[in-house]
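The block underneath contains the structure these notes are about, expressed in structure tokens.
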Amino acid sequence: MKVRISHCSTSLENFYLCLTEKVSGFINRGPQTGDLIYLVVKVGKKSLCGARFILDEPTDHKPWADAEAYVNALTIKSIEYCTPFDISILSQEGGKYWAIKYVQGAKPINDDAAVRLLEQEFTKNKVDNLFQFDVEPTIVETEEDEEETTIEDEKELKKLEKEIPDVKVNIMGTFQTVQFSNETDKIKGLETLVNENFYFLFPQFPETKTLLIPENRLFKTKGFKVDGNNVQGIRTIPDGILIEFDKKLKNPFRINLIEYECYGERKQKEIDKSSYLNSIIIPQLMRFASAFSIITDEQTRVKTVESWVDKIIAYINSDESQSTKFIEWIKEIYPDIKERSIEREIEKLLIESFKANLRVLLIIDELSTEQKSTIKNVVSSFKLASGDTNVQFAGYVIRLVQKINIINNESEYALTIQ
């Protein structure tokens with residue numbers, strides 16, 4: 001277990017969301033399951049610690065308004081609270097540059113004396129409930145908050161860089177961004193490479209808690225007929241299904257409809273990309289959402305759900321390891337369930353998930369923050385059959401890079417050139 005400080009800057013909203021949603025986010029992948037985190041927020045000119053917890057499992061749940069900033073998110077457990085105390089007490093052990101030593105980048109605190117000081121201060125101020133700040137945090141402008149840097153300060157900082165490598169970014173290598181050939185190419189296809197490396201790319205979807213069905217022709221939504229003819233543009237087929245399990249949720253299964261899209265080598269002009277996004281990608285994602293939304297007539301919607309659940313269960317039963325995994329999930333929820341009732345319970349929970357806990361998952365080689373926000377607003381406008389939830393959306397940009405040089409195998413970061 002490593003001890004770290006997670007600083008929410010001046011955002012009390014993020015501070016409270018972390019604790020109420022039981023999730024912590026970081027701008028790097030250093031923090032890991034099992035680490036002890038002291039949660040801090042800046043109020044006025046003081047950095048105050050009001051809680052601590054243990055990091056649990058990786059997740060893609062990021063409830064903060066600036067969610068894009070957090071590349072690493074984990075659920076939290078064993079939450080404890082305290083009357084807020086100023087963590088500048090760490091200057092007793094770290095000197096003037098204690099923040100660089102102990103706080104910057106949520107680095108692990110390797111100074112045993114500093115760890116003991118945090119433990120003692122937290123224990124002394126420990127309370128049963130979360131402290132509620134009665135004032136909004138004061139945002140201190142950088143120009144007013146910075147102290148004048150002297151020649152002695154610069155010398156000390158250079159000395160710290162040598163003593164504490166974490167104060168600078170160490171590069172493992174240099175890479176060049178290259179284009180995927182297309183979506184399905186067997187060698188350089190986006191879908192092909194992501195499916196082969198899915199669990200390495202997405203640690204927030206641990207294999208023990210998810211089922212990936214990468215069958216791009218297995219699932220087809222039901223269309224409907226008018227005067228005996230199929231209505232065009234209604235039926236649609238996702239590229240795969242991802243089922244997530246979380247027993248703590250009201251609906252322990254979440255269904256993800258995966259859509260792979262790739263501009264690749266053929267669509268390089270911005271006008272072509274924009275046209276493809278607006279005329280092909282967004283309408284496709286809307287069809288996914290609408291197929292399970294109340295805007296689609298109930299009979300058609302129910303037929304689609306029944307068909308898909310049957311195929312999911314058949315897929316589960318075709319693989320002993322997946323079948324065992326689902327059985328264990330059900331037993332986590334219902335420890336006393338009888339064996340003969342397990343498959344019926346799986347079917348019931350899957351049907352409920354299509355009604356209340358469904359998400360469209362776009363995996364693409366290029367997508368701006370503005371485009372992602374637009375798509376999210378469009379997809380989330382579709383209400384699910386449960387009546388109180390809407391279709392969710394998440395977008396992930398995957399890029400293919402080629403090695404130029406490897407500099408240091410032990411470092412975390414790389415530079416890419418596009």
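Residue names in the structure tokens use chain letters A, B, ... in the order shown, residue numbers from 1 in each chain, and ligand numbers from 1 in the order shown.
With only C-alpha atoms taken into account, the protein and nucleic acid residues at most 10 Å from stretch 320-336 of chain A (excluding it and anything under 3 positions from it in its own chain) are Glu207, Thr208, Lys209, Thr210, Leu211, Leu212, Phe245, Asp246, Lys247, Lys248, Pro252, Phe253, Ile313, Ala314, Tyr315, Ile316, Asn317, Glu339, Ser341, Ile342, Glu343, Glu345, Ile346 and Leu349 of chain A.
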Using only C-alpha atoms, the best pick from A:Asn14, A:Thr20, A:Gln284, A:Thr236 as closest to A:Leu362 would be A:Gln284
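Of the residues under consideration (A:Ala289, A:Pro63, A:Ile363, A:His7), A:Ile363 shows the shortest atom-to-atom contact distance to A:Phe198 when counting only C-alpha atoms.
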Do a neighbour search on stretch 187-191 of chain A at 9 Å with only C-alpha atoms, toss out local chain neighbours closer than 2 positions, and write the hits as number ranges by chain. A: 179-185, 193-196, 239, 260-262, 264, 363-365, 398-400
If you measure from atom CA of A:Ser47 to atom CA of A:Ala114, what distance in Å do you get, rounded to one decimal? 15.9 Å
Within stretch 155-307 of chain A, find each residue whose DSSP state, derived from the backbone, is alpha helix (DSSP H), and express the selection as a PyMOL selection string. chain A and resi 155-163+190-196+198-201+270-276+282-291+298-307
Taking 3 positions as the minimum chain separation for residues in the same chain, which residues sit within 7 Å of stretch 122-136 of chain A when counting only C-alpha atoms? Answer as a VMD selection string. chain A and resid 50 81 to 83 118 to 119
Written selection (N, CA, C and O atoms) as a PDB file, in the first residue's frame:
ATOM      1  N   GLY A  50      -9.989  16.556   4.503  1.00  0.00           N
ATOM      2  CA  GLY A  50     -11.244  16.283   5.199  1.00  0.00           C
ATOM      3  C   GLY A  50     -11.651  14.829   5.186  1.00  0.00           C
ATOM      4  O   GLY A  50     -12.644  14.441   5.816  1.00  0.00           O
ATOM      5  N   TYR A  81     -13.536  10.146   7.892  1.00  0.00           N
ATOM      6  CA  TYR A  81     -13.647  11.602   7.851  1.00  0.00           C
ATOM      7  C   TYR A  81     -12.893  12.235   9.018  1.00  0.00           C
ATOM      8  O   TYR A  81     -12.616  11.596  10.031  1.00  0.00           O
ATOM      9  N   CYS A  82     -12.584  13.513   8.846  1.00  0.00           N
ATOM     10  CA  CYS A  82     -11.935  14.249   9.931  1.00  0.00           C
ATOM     11  C   CYS A  82     -12.348  15.718   9.859  1.00  0.00           C
ATOM     12  O   CYS A  82     -12.783  16.208   8.804  1.00  0.00           O
ATOM     13  N   THR A  83     -12.232  16.404  10.987  1.00  0.00           N
ATOM     14  CA  THR A  83     -12.349  17.854  10.956  1.00  0.00           C
ATOM     15  C   THR A  83     -11.162  18.370  10.137  1.00  0.00           C
ATOM     16  O   THR A  83     -10.019  18.017  10.424  1.00  0.00           O
ATOM     17  N   LEU A 118       0.902  12.709   8.910  1.00  0.00           N
ATOM     18  CA  LEU A 118      -0.459  12.701   8.365  1.00  0.00           C
ATOM     19  C   LEU A 118      -1.374  11.804   9.192  1.00  0.00           C
ATOM     20  O   LEU A 118      -2.508  12.161   9.513  1.00  0.00           O
ATOM     21  N   GLU A 119      -0.883  10.614   9.508  1.00  0.00           N
ATOM     22  CA  GLU A 119      -1.668   9.650  10.294  1.00  0.00           C
ATOM     23  C   GLU A 119      -2.036  10.227  11.648  1.00  0.00           C
ATOM     24  O   GLU A 119      -3.198  10.152  12.091  1.00  0.00           O
TER      25      GLU A 119
END
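Here the question is which of A:Glu93, A:Glu347, A:Glu21, A:Asp388 gets nearest to A:Asn110 using only C-alpha atoms, and that residue is A:Glu93.
Within 10 Å of A:Ala394, once only C-alpha atoms are used and residues closer than 2 positions along the same chain are dropped, the contacting residues are Asp60, His61, Asn256, Ile258, Arg359, Val360, Leu361, Leu362, Ile363, Lys372, Ser373, Ile375, Lys376, Val379, Gln392 and Tyr396 of chain A.
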Writer output for current selection, all heavy atoms, as a short mmCIF file (atom, residue, chain, number, x, y, z; two decimals), in the first residue's frame:
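Saved file again.cif follows:
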data_model
loop_
_atom_site.label_atom_id
_atom_site.label_comp_id
_atom_site.auth_asym_id
_atom_site.auth_seq_id
_atom_site.Cartn_x
_atom_site.Cartn_y
_atom_site.Cartn_z
N ASP A 60 -14.83 3.52 -15.06
CA ASP A 60 -14.92 4.61 -16.04
C ASP A 60 -15.99 5.62 -15.61
O ASP A 60 -16.37 6.49 -16.38
CB ASP A 60 -15.21 4.07 -17.44
CG ASP A 60 -16.61 3.50 -17.57
OD1 ASP A 60 -17.17 3.07 -16.53
OD2 ASP A 60 -17.14 3.48 -18.68
N HIS A 61 -16.45 5.51 -14.37
CA HIS A 61 -17.41 6.47 -13.83
C HIS A 61 -16.66 7.71 -13.38
O HIS A 61 -15.88 7.68 -12.43
CB HIS A 61 -18.17 5.85 -12.66
CG HIS A 61 -19.15 6.77 -12.01
ND1 HIS A 61 -20.07 7.51 -12.73
CD2 HIS A 61 -19.36 7.10 -10.69
CE1 HIS A 61 -20.79 8.24 -11.92
NE2 HIS A 61 -20.38 8.01 -10.67
N ASN A 256 -23.41 -2.41 -22.64
CA ASN A 256 -22.76 -1.44 -23.52
C ASN A 256 -22.87 -1.92 -24.96
O ASN A 256 -22.44 -3.04 -25.29
CB ASN A 256 -21.28 -1.30 -23.16
CG ASN A 256 -21.06 -0.68 -21.80
OD1 ASN A 256 -20.94 0.52 -21.66
ND2 ASN A 256 -21.00 -1.52 -20.76
N ILE A 258 -21.31 -1.54 -28.37
CA ILE A 258 -20.04 -1.02 -28.88
C ILE A 258 -20.14 -0.72 -30.36
O ILE A 258 -20.56 -1.56 -31.15
CB ILE A 258 -18.90 -2.02 -28.63
CG1 ILE A 258 -18.76 -2.33 -27.14
CG2 ILE A 258 -17.58 -1.48 -29.17
CD1 ILE A 258 -17.72 -3.38 -26.83
N ARG A 359 -25.86 1.64 -22.24
CA ARG A 359 -24.96 2.70 -22.69
C ARG A 359 -24.47 2.41 -24.11
O ARG A 359 -24.22 1.26 -24.48
CB ARG A 359 -23.76 2.83 -21.76
CG ARG A 359 -22.78 3.91 -22.17
CD ARG A 359 -21.75 4.19 -21.10
NE ARG A 359 -20.85 3.07 -20.88
CZ ARG A 359 -19.75 3.13 -20.14
NH1 ARG A 359 -19.45 4.25 -19.52
NH2 ARG A 359 -18.98 2.09 -19.98
N VAL A 360 -24.35 3.45 -24.88
CA VAL A 360 -23.73 3.37 -26.21
C VAL A 360 -22.26 3.73 -26.06
O VAL A 360 -21.93 4.79 -25.50
CB VAL A 360 -24.43 4.32 -27.20
CG1 VAL A 360 -23.68 4.35 -28.53
CG2 VAL A 360 -25.88 3.89 -27.42
N LEU A 361 -21.38 2.86 -26.54
CA LEU A 361 -19.94 3.03 -26.37
C LEU A 361 -19.29 3.18 -27.74
O LEU A 361 -19.26 2.24 -28.53
CB LEU A 361 -19.37 1.81 -25.63
CG LEU A 361 -17.94 1.86 -25.14
CD1 LEU A 361 -17.75 2.99 -24.15
CD2 LEU A 361 -17.56 0.54 -24.48
N LEU A 362 -18.78 4.37 -28.04
CA LEU A 362 -18.13 4.65 -29.31
C LEU A 362 -16.62 4.58 -29.15
O LEU A 362 -16.05 5.25 -28.29
CB LEU A 362 -18.54 6.04 -29.81
CG LEU A 362 -17.81 6.54 -31.08
CD1 LEU A 362 -18.15 5.67 -32.29
CD2 LEU A 362 -18.15 8.01 -31.35
N ILE A 363 -15.98 3.76 -29.98
CA ILE A 363 -14.52 3.67 -30.00
C ILE A 363 -14.07 4.11 -31.38
O ILE A 363 -14.44 3.50 -32.40
CB ILE A 363 -14.05 2.24 -29.69
CG1 ILE A 363 -14.51 1.84 -28.28
CG2 ILE A 363 -12.53 2.13 -29.78
CD1 ILE A 363 -14.17 0.42 -27.88
N LYS A 372 -17.65 15.00 -28.78
CA LYS A 372 -18.07 14.01 -27.78
C LYS A 372 -19.24 14.54 -26.96
O LYS A 372 -20.20 13.82 -26.68
CB LYS A 372 -16.90 13.66 -26.86
CG LYS A 372 -17.19 12.52 -25.89
CD LYS A 372 -16.02 12.27 -24.96
CE LYS A 372 -14.82 11.74 -25.69
NZ LYS A 372 -13.74 11.32 -24.73
N SER A 373 -19.16 15.81 -26.58
CA SER A 373 -20.24 16.41 -25.80
C SER A 373 -21.54 16.46 -26.60
O SER A 373 -22.62 16.20 -26.06
CB SER A 373 -19.82 17.82 -25.38
OG SER A 373 -20.85 18.46 -24.66
N ILE A 375 -22.47 14.46 -29.10
CA ILE A 375 -23.01 13.11 -29.23
C ILE A 375 -23.66 12.67 -27.91
O ILE A 375 -24.73 12.05 -27.90
CB ILE A 375 -21.92 12.12 -29.66
CG1 ILE A 375 -21.39 12.48 -31.05
CG2 ILE A 375 -22.46 10.69 -29.68
CD1 ILE A 375 -20.20 11.66 -31.49
N LYS A 376 -22.99 12.98 -26.80
CA LYS A 376 -23.54 12.60 -25.50
C LYS A 376 -24.92 13.23 -25.28
O LYS A 376 -25.85 12.56 -24.80
CB LYS A 376 -22.58 13.04 -24.39
CG LYS A 376 -23.05 12.65 -22.99
CD LYS A 376 -22.03 13.06 -21.94
CE LYS A 376 -22.48 12.64 -20.54
NZ LYS A 376 -21.49 13.01 -19.52
N VAL A 379 -27.48 11.32 -27.63
CA VAL A 379 -27.78 9.94 -27.20
C VAL A 379 -28.55 9.93 -25.89
O VAL A 379 -29.51 9.16 -25.71
CB VAL A 379 -26.48 9.12 -27.08
CG1 VAL A 379 -26.75 7.77 -26.42
CG2 VAL A 379 -25.85 8.91 -28.45
N GLN A 392 -27.10 6.06 -21.77
CA GLN A 392 -25.83 6.73 -21.47
C GLN A 392 -24.92 6.68 -22.70
O GLN A 392 -25.18 5.95 -23.65
CB GLN A 392 -25.15 6.02 -20.29
CG GLN A 392 -26.00 5.92 -19.04
CD GLN A 392 -25.49 4.86 -18.09
OE1 GLN A 392 -24.32 4.86 -17.72
NE2 GLN A 392 -26.34 3.93 -17.70
N TYR A 396 -14.38 6.84 -26.64
CA TYR A 396 -12.95 6.64 -26.42
C TYR A 396 -12.20 6.79 -27.74
O TYR A 396 -12.58 6.20 -28.75
CB TYR A 396 -12.67 5.26 -25.84
CG TYR A 396 -13.18 5.09 -24.43
CD1 TYR A 396 -14.40 4.48 -24.17
CD2 TYR A 396 -12.44 5.57 -23.35
CE1 TYR A 396 -14.87 4.32 -22.88
CE2 TYR A 396 -12.90 5.42 -22.04
CZ TYR A 396 -14.11 4.80 -21.81
OH TYR A 396 -14.59 4.67 -20.54
#
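Among A:Thr75, A:Asn357, A:Ser290, A:Ser307, the residue with the shortest atom-to-atom distance to A:Arg254, counting only C-alpha atoms, is A:Asn357.
Atom CA of A:Phe354 sits 27.0 Å away from atom CA of A:Asp56.
Closest approach to A:Phe85 from the set A:Asp297, A:Glu121, A:Glu352, A:Glu57 is made by A:Glu121, with distances taken over only C-alpha atoms.
Every protein, DNA or RNA residue with an atom at most 10 Å from A:Ala99, where only C-alpha atoms count and chain neighbours fewer than 6 positions away do not, is listed here: Ile5, Ile87, Ser88, Leu90, Ser91 and Gly105 of chain A.
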List every residue of stretch 211-387 of chain A that DSSP, applied to the backbone of this structure, places in strand (DSSP E), and write the result as a count of residues only. 29
Just the number, please: distance in Å from atom CA of A:Ile407 to atom CA of A:Thr174, one decimal. 7.8 Å
